[in-house]
Amino acid sequence: MTDMRLYTSLSKFRYLDRNYSFKYLFIAFVGVHIPLIGIITFITLSDFTSLTPGMVILSTLGFTLVACAVTLLMQNALARPIVETKNALIDYLSNKKLPQLPTDFKDEAGLLMSNTCTALQELDNLIKEKRDFIYLLSHDLKTPLHNVLTITHLMKEDTDNDSKEEYINLIRQSTQYQLQLITSVLNLATSEFTEGNEPHVLFLEPMLSKVLNDHSTSLQNKKLQILTDVAPTIQIKVNDELFSMALSNLITNAIKFSRRNSEVMIRAAVMDDHIMIRVIDYGIGFTAANAPSFEPFTKSSRSGTMGESSNGLGLYFTRKIIKYHGGSLIAESEGDGKGAKFIIKLPLPA
């Protein structure tokens, strides 16, 4: 950081600390009076009778030049906050480096530095959010597409015409879910919320039933049984599509790490100050050393019990969605082979 000692020193004086223009006026005032003070001092210390008009003129010019030089240097030093802010903007645009400008000054230059830091930090976060949601879109679009591919394969192998209508309904459900997913994620990524996309109070049980229905093919493939303990009166305040996506990710995760012919339990309860939703599987579990990470693209991602792959984004975005709704998400397990619990806590609907 370039020297800003003059600006810092002047900011310690009353009336100068909150007004940047007063600092310039103060320096100009001092600069204007340097020649006058110099001439008075020169005449006082000299033999007045020996002074000639030429000596007075030369001394006045000399003090004036010195005053101009001192004033320009001080004003240049006082301009450092603006120069530093300019350099910080250039550095961010060129290298994406966030500035480290001081933020505790109260005048216009101080507010400029503080607001620049805040604006660039928010811009940087926004850029990361946009990138994250692009990854989210590419990640979660795979689930309905895989369902459609699986169903079309079953249709090709199944010669029973009575099953065709069921397959067509499943394809329709998957494609509708995919369209809702695209709309919801793009709205969130662009921050273009309409009234219909804002969180609203709804019953949890119908939402959960719909999400489970979307996973019926995957459940059948692993011969898994879903057990639910959700009171029909439980209400949550969420964006329907986004929170459905979060539930879908957790159920996908539970299916992936469950063994064939086992169970997945989903429970929900109203607590004193929050709503708790638990997605419980009895699969491979985890220890503290290999606990699931909520960070993107983590190297700790594990394959499912049937070799299902993971790109390390599902849990990351699930937690982001739950945090967006003011909630929290944690994972628990008693160890390898002892299953896992993913616990959502949401605020009570207002």
# chains A, B, ... in the order shown; residues from 1 in each chain; ligands from 1

$ residues_around --residues "Gly335 (chain A)" --least-positions-apart "6" --cutoff "6 Å" --atoms "only C-alpha atoms" --output "PDB file with N, CA and C atoms, in the first residue's frame"
ATOM      1  N   GLY A 285     -22.202 -45.911   5.110  1.00  0.00           N
ATOM      2  CA  GLY A 285     -21.814 -45.019   6.195  1.00  0.00           C
ATOM      3  C   GLY A 285     -20.466 -44.341   5.951  1.00  0.00           C
ATOM      4  N   PHE A 286     -19.914 -43.754   7.006  1.00  0.00           N
ATOM      5  CA  PHE A 286     -18.616 -43.088   6.887  1.00  0.00           C
ATOM      6  C   PHE A 286     -18.027 -42.834   8.266  1.00  0.00           C
ATOM      7  N   THR A 287     -16.734 -42.648   8.284  1.00  0.00           N
ATOM      8  CA  THR A 287     -16.035 -42.247   9.499  1.00  0.00           C
ATOM      9  C   THR A 287     -15.723 -40.753   9.405  1.00  0.00           C
TER      10      THR A 287
END

$ residues_around --residues "region 325-329 of chain A" --least-positions-apart "6" --cutoff "7 Å" --atoms "only C-alpha atoms" --output "list in words"
Val238, Arg319, Phe342, Ile343, Ile344, Lys345, Leu346 and Pro347 of chain A

$ atom_distance --atom1 "CA of Pro102 (chain A)" --atom2 "CA of Gln75 (chain A)"
19.5 Å

$ residues_around --residues "Ile168 (chain A)" --least-positions-apart "3" --cutoff "12 Å" --atoms "only C-alpha atoms" --output "PyMOL selection string"
chain A and resi 147-148+151-152+154-155+161-165+171-175

$ closest_residue --among "A:Arg259, A:Arg5, A:His153, A:Arg267" --to "Gly283 (chain A)" --atoms "only C-alpha atoms"
A:Arg259

$ closest_residue --among "A:Gln100, A:Leu348, A:Lys256, A:Ile280" --to "Ile236 (chain A)" --atoms "only C-alpha atoms"
A:Leu348

$ residues_around --residues "Leu36 (chain A)" --least-positions-apart "5" --cutoff "9 Å" --atoms "only C-alpha atoms" --output "NGL selection string"
:A and (41 or 60 or 63-64)

$ closest_residue --among "A:Asn290, A:Leu101, A:Ala268, A:Tyr316" --to "Thr85 (chain A)" --atoms "only C-alpha atoms"
A:Leu101

$ residues_around --residues "Leu212 (chain A)" --least-positions-apart "3" --cutoff "8 Å" --atoms "only C-alpha atoms" --output "ChimeraX atom specification"
/A:208-209,215-216,248,251

$ write_last_selection --atoms "N, CA and C atoms" --output "PDB file, in the first residue's frame"
ATOM      1  N   LEU A 208     -42.758 -34.292  -0.796  1.00  0.00           N
ATOM      2  CA  LEU A 208     -41.921 -35.475  -0.633  1.00  0.00           C
ATOM      3  C   LEU A 208     -42.438 -36.636  -1.483  1.00  0.00           C
ATOM      4  N   SER A 209     -43.738 -36.799  -1.531  1.00  0.00           N
ATOM      5  CA  SER A 209     -44.313 -37.886  -2.344  1.00  0.00           C
ATOM      6  C   SER A 209     -43.957 -37.714  -3.811  1.00  0.00           C
ATOM      7  N   HIS A 215     -38.095 -40.786  -8.177  1.00  0.00           N
ATOM      8  CA  HIS A 215     -36.990 -41.724  -7.960  1.00  0.00           C
ATOM      9  C   HIS A 215     -37.460 -43.184  -7.985  1.00  0.00           C
ATOM     10  N   SER A 216     -38.674 -43.404  -8.437  1.00  0.00           N
ATOM     11  CA  SER A 216     -39.230 -44.763  -8.383  1.00  0.00           C
ATOM     12  C   SER A 216     -38.388 -45.759  -9.177  1.00  0.00           C
ATOM     13  N   SER A 248     -34.384 -34.129  -3.411  1.00  0.00           N
ATOM     14  CA  SER A 248     -34.036 -35.105  -4.441  1.00  0.00           C
ATOM     15  C   SER A 248     -32.560 -35.486  -4.369  1.00  0.00           C
ATOM     16  N   ILE A 251     -32.033 -37.796  -1.363  1.00  0.00           N
ATOM     17  CA  ILE A 251     -32.584 -39.134  -1.621  1.00  0.00           C
ATOM     18  C   ILE A 251     -31.714 -39.872  -2.637  1.00  0.00           C
TER      19      ILE A 251
END

$ atom_distance --atom1 "CA of Asp17 (chain A)" --atom2 "CA of Gly110 (chain A)"
9.5 Å

$ select_by_dssp --residues "region 26-107 of chain A" --states "helix (DSSP H, G or I)" --output "ChimeraX atom specification"
/A:26-45,48-50,53-78,80-95

$ closest_residue --among "A:Ile330, A:Leu149, A:Ile322, A:Leu93" --to "Pro199 (chain A)" --atoms "only C-alpha atoms"
A:Ile322

$ atom_distance --atom1 "CA of Asp229 (chain A)" --atom2 "CA of Gly337 (chain A)"
23.4 Å

$ closest_atom_pairs --of "region 53-111 of chain A" --to "region 21-30 of chain A" --cutoff "10 Å" --atoms "only C-alpha atoms" --output "Markdown table"
| residue | atom | partner | partner_atom | distance |
| --- | --- | --- | --- | --- |
| A:Ala67 | CA | A:Val30 | CA | 8.5 |
| A:Cys68 | CA | A:Ala28 | CA | 9.4 |
| A:Val70 | CA | A:Ile27 | CA | 9.3 |
| A:Thr71 | CA | A:Ile27 | CA | 6.4 |
| A:Leu72 | CA | A:Ala28 | CA | 9.1 |
| A:Met74 | CA | A:Ile27 | CA | 7.1 |
| A:Gln75 | CA | A:Tyr24 | CA | 6.7 |
| A:Leu78 | CA | A:Tyr24 | CA | 7.7 |
| A:Ala79 | CA | A:Tyr24 | CA | 9.3 |
| A:Asp107 | CA | A:Ser21 | CA | 8.9 |
| A:Glu108 | CA | A:Ser21 | CA | 8.4 |
| A:Ala109 | CA | A:Ser21 | CA | 9.5 |

$ residues_around --residues "Leu219 (chain A)" --least-positions-apart "5" --cutoff "8 Å" --atoms "only C-alpha atoms" --output "PyMOL selection string"
chain A and resi 224-225+255

$ write_last_selection --atoms "all heavy atoms" --output "short mmCIF file (atom, residue, chain, number, x, y, z; two decimals), in the first residue's frame"
data_model
loop_
_atom_site.label_atom_id
_atom_site.label_comp_id
_atom_site.auth_asym_id
_atom_site.auth_seq_id
_atom_site.Cartn_x
_atom_site.Cartn_y
_atom_site.Cartn_z
N LEU A 224 -35.07 -51.11 -3.27
CA LEU A 224 -35.06 -50.41 -1.99
C LEU A 224 -36.49 -50.08 -1.56
O LEU A 224 -37.35 -49.77 -2.39
CB LEU A 224 -34.25 -49.11 -2.08
CG LEU A 224 -32.77 -49.25 -2.39
CD1 LEU A 224 -32.14 -47.88 -2.56
CD2 LEU A 224 -32.06 -50.03 -1.29
N GLN A 225 -36.70 -50.13 -0.27
CA GLN A 225 -38.00 -49.75 0.29
C GLN A 225 -37.87 -48.39 0.97
O GLN A 225 -36.95 -48.18 1.77
CB GLN A 225 -38.48 -50.80 1.30
CG GLN A 225 -39.87 -50.50 1.85
CD GLN A 225 -40.34 -51.57 2.83
OE1 GLN A 225 -39.59 -52.51 3.14
NE2 GLN A 225 -41.56 -51.42 3.33
N ILE A 255 -29.89 -43.42 -1.92
CA ILE A 255 -30.04 -44.58 -2.81
C ILE A 255 -28.67 -45.05 -3.29
O ILE A 255 -28.37 -46.24 -3.33
CB ILE A 255 -30.93 -44.20 -4.02
CG1 ILE A 255 -32.36 -43.94 -3.56
CG2 ILE A 255 -30.89 -45.31 -5.08
CD1 ILE A 255 -33.26 -43.38 -4.64
#
